[in-house]
$ cat my_file26.cif   # mmCIF, C-alpha atoms
data_my_file
#
loop_
_atom_site.label_atom_id
_atom_site.label_comp_id
_atom_site.auth_asym_id
_atom_site.auth_seq_id
_atom_site.Cartn_x
_atom_site.Cartn_y
_atom_site.Cartn_z
CA MET P 1 120.31 87.03 113.02
CA LYS P 2 122.34 89.53 110.93
CA GLU P 3 121.70 89.05 107.17
CA ARG P 4 124.84 87.39 105.74
CA GLN P 5 126.13 88.04 102.17
CA ARG P 6 126.40 84.62 100.47
CA GLU P 7 129.66 84.95 98.53
CA LYS P 8 132.93 84.52 100.40
CA GLN P 9 134.58 87.87 100.93
CA ARG P 10 138.25 88.68 101.47
CA THR P 11 138.84 91.47 103.96
CA THR P 12 142.19 92.96 104.94
CA VAL P 13 142.38 93.77 108.63
CA SER P 14 145.13 95.15 110.84
CA ILE P 15 145.90 93.42 114.14
CA TYR P 16 148.71 94.49 116.47
CA GLY P 17 150.44 96.36 113.67
CA GLN P 18 150.25 93.52 111.12
CA GLN P 19 147.97 93.13 108.07
CA TYR P 20 145.90 89.97 107.66
CA THR P 21 143.59 88.96 104.84
CA VAL P 22 140.65 86.98 106.15
CA ALA P 23 138.07 85.21 103.99
CA GLY P 24 134.53 84.44 105.06
CA TYR P 25 130.81 84.93 104.48
CA ASP P 26 130.55 87.77 106.96
CA SER P 27 130.62 91.44 106.01
CA PRO P 28 133.93 93.34 105.97
CA GLU P 29 132.55 95.56 108.77
CA TYR P 30 131.95 92.50 110.94
CA MET P 31 135.45 91.09 110.22
CA LYS P 32 137.01 94.45 111.10
CA GLU P 33 135.01 94.44 114.35
CA VAL P 34 136.36 90.97 115.22
CA ALA P 35 139.91 92.03 114.35
CA ALA P 36 139.62 95.21 116.43
CA GLU P 37 138.52 93.18 119.46
CA ILE P 38 141.51 90.85 119.15
CA ASP P 39 143.84 93.82 118.68
CA ALA P 40 142.43 95.45 121.83
CA LYS P 41 142.72 92.22 123.86
CA MET P 42 146.35 91.76 122.79
CA ARG P 43 147.18 95.33 123.83
CA GLU P 44 145.36 94.88 127.14
CA LEU P 45 147.31 91.68 127.82
CA ARG P 46 150.54 93.39 126.84
CA LYS P 47 149.97 96.06 129.54
CA VAL P 48 149.73 93.33 132.18
CA ASN P 49 152.56 91.23 130.71
CA PRO P 50 155.03 93.68 129.08
CA TYR P 51 157.75 91.03 128.69
CA LEU P 52 155.63 88.70 126.47
CA ASP P 53 156.60 88.49 122.81
CA THR P 54 153.89 88.84 120.14
CA THR P 55 153.49 85.11 119.59
CA ARG P 56 152.90 84.40 123.27
CA LEU P 57 150.56 87.41 123.48
CA ALA P 58 148.52 86.07 120.57
CA VAL P 59 148.39 82.53 121.96
CA LEU P 60 147.30 83.75 125.41
CA THR P 61 144.69 86.02 123.79
CA ALA P 62 143.32 82.98 121.96
CA VAL P 63 143.24 81.08 125.27
CA ASN P 64 141.31 83.91 126.97
CA VAL P 65 138.76 84.09 124.15
CA MET P 66 138.36 80.29 124.17
CA ASP P 67 137.71 80.48 127.92
CA ASP P 68 134.99 83.08 127.29
CA LEU P 69 133.56 80.86 124.54
CA LYS P 70 133.38 77.78 126.76
CA LYS P 71 131.67 79.76 129.52
CA LEU P 72 129.09 81.00 126.99
CA GLU P 73 128.53 77.42 125.81
CA GLU P 74 127.85 76.48 129.43
CA TYR P 75 125.37 79.36 129.73
CA ILE P 76 123.61 78.25 126.54
CA ARG P 77 123.23 74.70 127.92
CA TYR P 78 121.65 76.33 131.01
CA LEU P 79 119.27 78.49 128.92
CA GLU P 80 118.28 75.53 126.75
CA GLN P 81 117.69 73.41 129.86
CA GLN P 82 115.47 76.19 131.24
CA ARG P 83 113.56 76.34 127.94
CA LEU P 84 112.97 72.57 128.07
CA THR P 85 111.70 72.58 131.65
CA GLY P 86 109.58 75.64 130.79
CA ASP P 87 108.04 73.79 127.80
CA GLU P 88 107.26 70.77 129.95
CA LYS P 89 105.40 72.96 132.47
CA ASN P 90 103.26 74.49 129.70
CA ALA P 91 102.59 71.18 127.93
CA MET J 1 127.56 75.30 136.39
CA LYS J 2 130.85 73.47 137.19
CA GLU J 3 131.91 74.06 140.84
CA ARG J 4 134.87 76.51 140.75
CA GLN J 5 137.76 76.38 143.29
CA ARG J 6 137.95 79.87 144.84
CA GLU J 7 141.72 80.41 145.06
CA LYS J 8 143.55 81.48 141.91
CA GLN J 9 145.49 78.53 140.48
CA ARG J 10 148.57 78.57 138.28
CA THR J 11 148.56 75.85 135.64
CA THR J 12 151.32 75.10 133.15
CA VAL J 13 149.99 74.15 129.75
CA SER J 14 151.64 73.30 126.46
CA ILE J 15 150.40 74.98 123.28
CA TYR J 16 151.98 74.46 119.87
CA GLY J 17 155.18 73.19 121.45
CA GLN J 18 155.55 76.04 123.96
CA GLN J 19 154.89 76.07 127.71
CA TYR J 20 152.59 78.70 129.21
CA THR J 21 151.67 79.30 132.84
CA VAL J 22 148.09 80.50 133.13
CA ALA J 23 146.47 81.74 136.32
CA GLY J 24 142.76 81.62 137.05
CA TYR J 25 139.94 80.34 139.24
CA ASP J 26 139.23 77.38 137.01
CA SER J 27 140.55 73.89 137.60
CA PRO J 28 143.84 72.79 136.00
CA GLU J 29 141.88 70.16 134.03
CA TYR J 30 139.68 72.89 132.56
CA MET J 31 142.69 75.09 131.66
CA LYS J 32 144.40 72.12 129.99
CA GLU J 33 141.18 71.50 128.03
CA VAL J 34 141.16 75.14 126.83
CA ALA J 35 144.86 74.96 125.91
CA ALA J 36 144.37 71.68 124.03
CA GLU J 37 141.58 73.24 121.95
CA ILE J 38 143.76 76.21 120.98
CA ASP J 39 146.64 73.86 120.17
CA ALA J 40 144.35 71.79 117.93
CA LYS J 41 142.95 74.87 116.18
CA MET J 42 146.44 76.21 115.48
CA ARG J 43 147.50 72.87 113.99
CA GLU J 44 144.30 72.71 111.92
CA LEU J 45 144.94 76.22 110.59
CA ARG J 46 148.57 75.35 109.87
CA LYS J 47 147.43 72.49 107.60
CA VAL J 48 145.39 74.93 105.51
CA ASN J 49 148.03 77.70 105.63
CA PRO J 50 151.44 75.97 105.83
CA TYR J 51 153.36 79.17 105.06
CA LEU J 52 152.03 81.09 108.13
CA ASP J 53 154.50 81.71 110.96
CA THR J 54 153.47 80.91 114.56
CA THR J 55 152.54 84.48 115.44
CA ARG J 56 150.19 84.82 112.48
CA LEU J 57 148.75 81.36 113.20
CA ALA J 58 148.03 82.35 116.79
CA VAL J 59 146.48 85.70 115.81
CA LEU J 60 144.24 84.07 113.17
CA THR J 61 143.26 81.36 115.68
CA ALA J 62 142.23 84.09 118.11
CA VAL J 63 140.22 85.74 115.31
CA ASN J 64 138.42 82.46 114.54
CA VAL J 65 137.56 81.85 118.19
CA MET J 66 136.35 85.46 118.58
CA ASP J 67 134.11 84.93 115.54
CA ASP J 68 132.65 81.81 117.20
CA LEU J 69 132.17 83.80 120.42
CA LYS J 70 130.31 86.64 118.70
CA LYS J 71 128.02 84.16 116.92
CA LEU J 72 127.25 82.51 120.28
CA GLU J 73 126.51 85.93 121.79
CA GLU J 74 124.04 86.49 118.94
CA TYR J 75 122.44 83.10 119.64
CA ILE J 76 122.12 83.96 123.36
CA ARG J 77 120.36 87.23 122.50
CA TYR J 78 117.97 85.16 120.38
CA LEU J 79 117.35 82.60 123.21
CA GLU J 80 116.83 85.38 125.75
CA GLN J 81 114.42 87.14 123.37
CA GLN J 82 112.51 83.86 123.00
CA ARG J 83 112.40 83.46 126.78
CA LEU J 84 110.98 86.98 127.16
CA THR J 85 108.26 86.48 124.57
CA GLY J 86 107.53 83.06 126.12
CA ASP J 87 107.15 84.66 129.58
CA GLU J 88 104.81 87.32 128.20
CA LYS J 89 102.58 84.62 126.68
CA ASN J 90 102.31 82.81 130.03
CA ALA J 91 101.81 85.98 132.09
#
$ encode --input "my_file26.cif" --output "structure tokens"
Amino acid sequence: MKERQREKQRTTVSIYGQQYTVAGYDSPEYMKEVAAEIDAKMRELRKVNPYLDTTRLAVLTAVNVMDDLKKLEEYIRYLEQQRLTGDEKNA
Amino acid sequence: MKERQREKQRTTVSIYGQQYTVAGYDSPEYMKEVAAEIDAKMRELRKVNPYLDTTRLAVLTAVNVMDDLKKLEEYIRYLEQQRLTGDEKNA
């Protein structure tokens, strides 16, 4: 796991032409990485849906990322299940 | 893994008072679940930042979910690493 600075940090990031100040325990580099990924996803979505306004683009981007998150959660349940059955075999 | 219908489905969902039609291979129930989670996160964020407009709320919600996603990806790398070292021990 990446070493995390303990104090909360405020980082200014730019997403889809707007500035945002985000606060958290992660490094500014990490927060800029997260922001850049959202910026890229919004621009990607905009190419496919040029008539969407920025609010709808942002909401649909959030929906897409949540979908990815839930699929990862499903994969983790699968990995953890595998680990359990593996442990039982070696017990 | 949940059984996925093969044809692409269009589902209308409501997020933060707006209707969205989303298309995908997942069930309408699943898409409504995803939409409901984004709706809840936006409302949660709004309580903490009442002055944010809807666009900024949606963008910051997407940032928060992306942060969760990247932390899960890190956790999966850790689980997969564990699985590899576990396999080597039993080889």
$ interface_residues --input "my_file26.cif" --of "chain P" --to "chain J" --cutoff "8 Å" --atoms "only C-alpha atoms" --output "PyMOL selection string"
chain P and resi 1+15+34-35+38+54-56+58-59+61-63+65-69+72-74+76+79-80+83
$ write_last_selection --input "my_file26.cif" --atoms "C-alpha atoms" --output "PDB file, keeping the file's coordinate frame"
ATOM      1  CA  MET P   1     120.310  87.030 113.020  1.00  0.00           C
ATOM      2  CA  ILE P  15     145.900  93.420 114.140  1.00  0.00           C
ATOM      3  CA  VAL P  34     136.360  90.970 115.220  1.00  0.00           C
ATOM      4  CA  ALA P  35     139.910  92.030 114.350  1.00  0.00           C
ATOM      5  CA  ILE P  38     141.510  90.850 119.150  1.00  0.00           C
ATOM      6  CA  THR P  54     153.890  88.840 120.140  1.00  0.00           C
ATOM      7  CA  THR P  55     153.490  85.110 119.590  1.00  0.00           C
ATOM      8  CA  ARG P  56     152.900  84.400 123.270  1.00  0.00           C
ATOM      9  CA  ALA P  58     148.520  86.070 120.570  1.00  0.00           C
ATOM     10  CA  VAL P  59     148.390  82.530 121.960  1.00  0.00           C
ATOM     11  CA  THR P  61     144.690  86.020 123.790  1.00  0.00           C
ATOM     12  CA  ALA P  62     143.320  82.980 121.960  1.00  0.00           C
ATOM     13  CA  VAL P  63     143.240  81.080 125.270  1.00  0.00           C
ATOM     14  CA  VAL P  65     138.760  84.090 124.150  1.00  0.00           C
ATOM     15  CA  MET P  66     138.360  80.290 124.170  1.00  0.00           C
ATOM     16  CA  ASP P  67     137.710  80.480 127.920  1.00  0.00           C
ATOM     17  CA  ASP P  68     134.990  83.080 127.290  1.00  0.00           C
ATOM     18  CA  LEU P  69     133.560  80.860 124.540  1.00  0.00           C
ATOM     19  CA  LEU P  72     129.090  81.000 126.990  1.00  0.00           C
ATOM     20  CA  GLU P  73     128.530  77.420 125.810  1.00  0.00           C
ATOM     21  CA  GLU P  74     127.850  76.480 129.430  1.00  0.00           C
ATOM     22  CA  ILE P  76     123.610  78.250 126.540  1.00  0.00           C
ATOM     23  CA  LEU P  79     119.270  78.490 128.920  1.00  0.00           C
ATOM     24  CA  GLU P  80     118.280  75.530 126.750  1.00  0.00           C
ATOM     25  CA  ARG P  83     113.560  76.340 127.940  1.00  0.00           C
TER      26      ARG P  83
END
$ atom_distance --input "my_file26.cif" --atom1 "CA of Thr12 in chain J" --atom2 "CA of Leu52 in chain P"
15.8 Å
$ atom_distance --input "my_file26.cif" --atom1 "CA of Gly24 in chain J" --atom2 "CA of Arg10 in chain J"
6.7 Å
$ decode --input "my_file26.cif" --residues "range 47-60 of chain J" --atoms "all heavy atoms" --output "mmCIF file, in the first residue's frame"
data_model
loop_
_atom_site.group_PDB
_atom_site.id
_atom_site.type_symbol
_atom_site.label_atom_id
_atom_site.label_comp_id
_atom_site.auth_asym_id
_atom_site.auth_seq_id
_atom_site.Cartn_x
_atom_site.Cartn_y
_atom_site.Cartn_z
ATOM 1 N N LYS J 47 -24.864 18.092 1.595
ATOM 2 C CA LYS J 47 -25.040 18.452 3.022
ATOM 3 C C LYS J 47 -23.760 19.092 3.558
ATOM 4 O O LYS J 47 -23.805 20.043 4.335
ATOM 5 C CB LYS J 47 -25.363 17.204 3.841
ATOM 6 C CG LYS J 47 -26.831 16.824 3.840
ATOM 7 C CD LYS J 47 -27.090 15.691 4.840
ATOM 8 C CE LYS J 47 -28.256 14.818 4.407
ATOM 9 N NZ LYS J 47 -28.036 13.387 4.710
ATOM 10 N N VAL J 48 -22.625 18.578 3.114
ATOM 11 C CA VAL J 48 -21.336 19.072 3.621
ATOM 12 C C VAL J 48 -20.904 20.340 2.871
ATOM 13 O O VAL J 48 -20.190 21.192 3.409
ATOM 14 C CB VAL J 48 -20.250 17.972 3.452
ATOM 15 C CG1 VAL J 48 -18.945 18.413 4.063
ATOM 16 C CG2 VAL J 48 -20.719 16.656 4.036
ATOM 17 N N ASN J 49 -21.379 20.471 1.629
ATOM 18 C CA ASN J 49 -20.997 21.643 0.809
ATOM 19 C C ASN J 49 -22.260 22.264 0.207
ATOM 20 O O ASN J 49 -22.493 22.152 -1.003
ATOM 21 C CB ASN J 49 -20.080 21.214 -0.337
ATOM 22 C CG ASN J 49 -18.838 20.509 0.127
ATOM 23 O OD1 ASN J 49 -17.906 21.128 0.601
ATOM 24 N ND2 ASN J 49 -18.843 19.187 0.014
ATOM 25 N N PRO J 50 -23.086 22.938 1.014
ATOM 26 C CA PRO J 50 -24.385 23.427 0.534
ATOM 27 C C PRO J 50 -24.286 24.483 -0.560
ATOM 28 O O PRO J 50 -25.238 24.712 -1.291
ATOM 29 C CB PRO J 50 -25.049 23.992 1.802
ATOM 30 C CG PRO J 50 -23.996 24.079 2.833
ATOM 31 C CD PRO J 50 -22.868 23.186 2.435
ATOM 32 N N TYR J 51 -23.103 25.098 -0.713
ATOM 33 C CA TYR J 51 -22.998 26.185 -1.688
ATOM 34 C C TYR J 51 -22.618 25.673 -3.095
ATOM 35 O O TYR J 51 -22.594 26.393 -4.047
ATOM 36 C CB TYR J 51 -21.933 27.190 -1.214
ATOM 37 C CG TYR J 51 -20.647 26.512 -0.860
ATOM 38 C CD1 TYR J 51 -19.719 26.193 -1.864
ATOM 39 C CD2 TYR J 51 -20.370 26.103 0.448
ATOM 40 C CE1 TYR J 51 -18.556 25.501 -1.572
ATOM 41 C CE2 TYR J 51 -19.206 25.403 0.749
ATOM 42 C CZ TYR J 51 -18.310 25.110 -0.273
ATOM 43 O OH TYR J 51 -17.160 24.408 0.021
ATOM 44 N N LEU J 52 -22.314 24.343 -3.213
ATOM 45 C CA LEU J 52 -21.872 23.810 -4.510
ATOM 46 C C LEU J 52 -23.043 23.712 -5.486
ATOM 47 O O LEU J 52 -24.133 23.266 -5.099
ATOM 48 C CB LEU J 52 -21.289 22.413 -4.327
ATOM 49 C CG LEU J 52 -19.900 22.307 -3.710
ATOM 50 C CD1 LEU J 52 -19.513 20.838 -3.569
ATOM 51 C CD2 LEU J 52 -18.865 23.027 -4.571
ATOM 52 N N ASP J 53 -22.818 24.079 -6.748
ATOM 53 C CA ASP J 53 -23.899 23.889 -7.727
ATOM 54 C C ASP J 53 -23.892 22.423 -8.175
ATOM 55 O O ASP J 53 -22.977 21.661 -7.850
ATOM 56 C CB ASP J 53 -23.738 24.849 -8.917
ATOM 57 C CG ASP J 53 -22.481 24.555 -9.756
ATOM 58 O OD1 ASP J 53 -22.106 23.378 -9.885
ATOM 59 O OD2 ASP J 53 -21.873 25.510 -10.270
ATOM 60 N N THR J 54 -24.899 22.018 -8.949
ATOM 61 C CA THR J 54 -25.085 20.598 -9.275
ATOM 62 C C THR J 54 -23.920 20.055 -10.091
ATOM 63 O O THR J 54 -23.478 18.925 -9.882
ATOM 64 C CB THR J 54 -26.418 20.406 -10.030
ATOM 65 O OG1 THR J 54 -27.452 21.019 -9.252
ATOM 66 C CG2 THR J 54 -26.742 18.937 -10.203
ATOM 67 N N THR J 55 -23.379 20.871 -10.986
ATOM 68 C CA THR J 55 -22.264 20.393 -11.808
ATOM 69 C C THR J 55 -21.072 20.059 -10.923
ATOM 70 O O THR J 55 -20.504 18.967 -11.021
ATOM 71 C CB THR J 55 -21.855 21.477 -12.834
ATOM 72 O OG1 THR J 55 -22.972 21.783 -13.651
ATOM 73 C CG2 THR J 55 -20.701 20.998 -13.698
ATOM 74 N N ARG J 56 -20.752 20.980 -10.001
ATOM 75 C CA ARG J 56 -19.576 20.760 -9.159
ATOM 76 C C ARG J 56 -19.820 19.584 -8.215
ATOM 77 O O ARG J 56 -18.933 18.779 -7.963
ATOM 78 C CB ARG J 56 -19.232 22.043 -8.389
ATOM 79 C CG ARG J 56 -18.788 23.190 -9.315
ATOM 80 C CD ARG J 56 -18.438 24.454 -8.563
ATOM 81 N NE ARG J 56 -17.132 24.380 -7.921
ATOM 82 C CZ ARG J 56 -15.973 24.592 -8.544
ATOM 83 N NH1 ARG J 56 -15.960 24.852 -9.841
ATOM 84 N NH2 ARG J 56 -14.829 24.523 -7.895
ATOM 85 N N LEU J 57 -21.078 19.443 -7.758
ATOM 86 C CA LEU J 57 -21.425 18.289 -6.918
ATOM 87 C C LEU J 57 -21.194 16.983 -7.663
ATOM 88 O O LEU J 57 -20.623 16.034 -7.125
ATOM 89 C CB LEU J 57 -22.910 18.351 -6.550
ATOM 90 C CG LEU J 57 -23.329 18.961 -5.248
ATOM 91 C CD1 LEU J 57 -24.845 18.875 -5.078
ATOM 92 C CD2 LEU J 57 -22.639 18.309 -4.067
ATOM 93 N N ALA J 58 -21.624 16.971 -8.925
ATOM 94 C CA ALA J 58 -21.511 15.736 -9.720
ATOM 95 C C ALA J 58 -20.048 15.422 -10.001
ATOM 96 O O ALA J 58 -19.611 14.275 -9.891
ATOM 97 C CB ALA J 58 -22.281 15.888 -11.026
ATOM 98 N N VAL J 59 -19.260 16.450 -10.328
ATOM 99 C CA VAL J 59 -17.836 16.234 -10.618
ATOM 100 C C VAL J 59 -17.129 15.724 -9.358
ATOM 101 O O VAL J 59 -16.387 14.733 -9.408
ATOM 102 C CB VAL J 59 -17.168 17.535 -11.125
ATOM 103 C CG1 VAL J 59 -15.644 17.384 -11.162
ATOM 104 C CG2 VAL J 59 -17.687 17.896 -12.512
ATOM 105 N N LEU J 60 -17.409 16.332 -8.216
ATOM 106 C CA LEU J 60 -16.736 15.906 -6.974
ATOM 107 C C LEU J 60 -17.202 14.517 -6.542
ATOM 108 O O LEU J 60 -16.443 13.743 -5.955
ATOM 109 C CB LEU J 60 -16.948 16.943 -5.873
ATOM 110 C CG LEU J 60 -16.178 18.250 -6.102
ATOM 111 C CD1 LEU J 60 -16.589 19.318 -5.086
ATOM 112 C CD2 LEU J 60 -14.663 18.014 -6.044
#
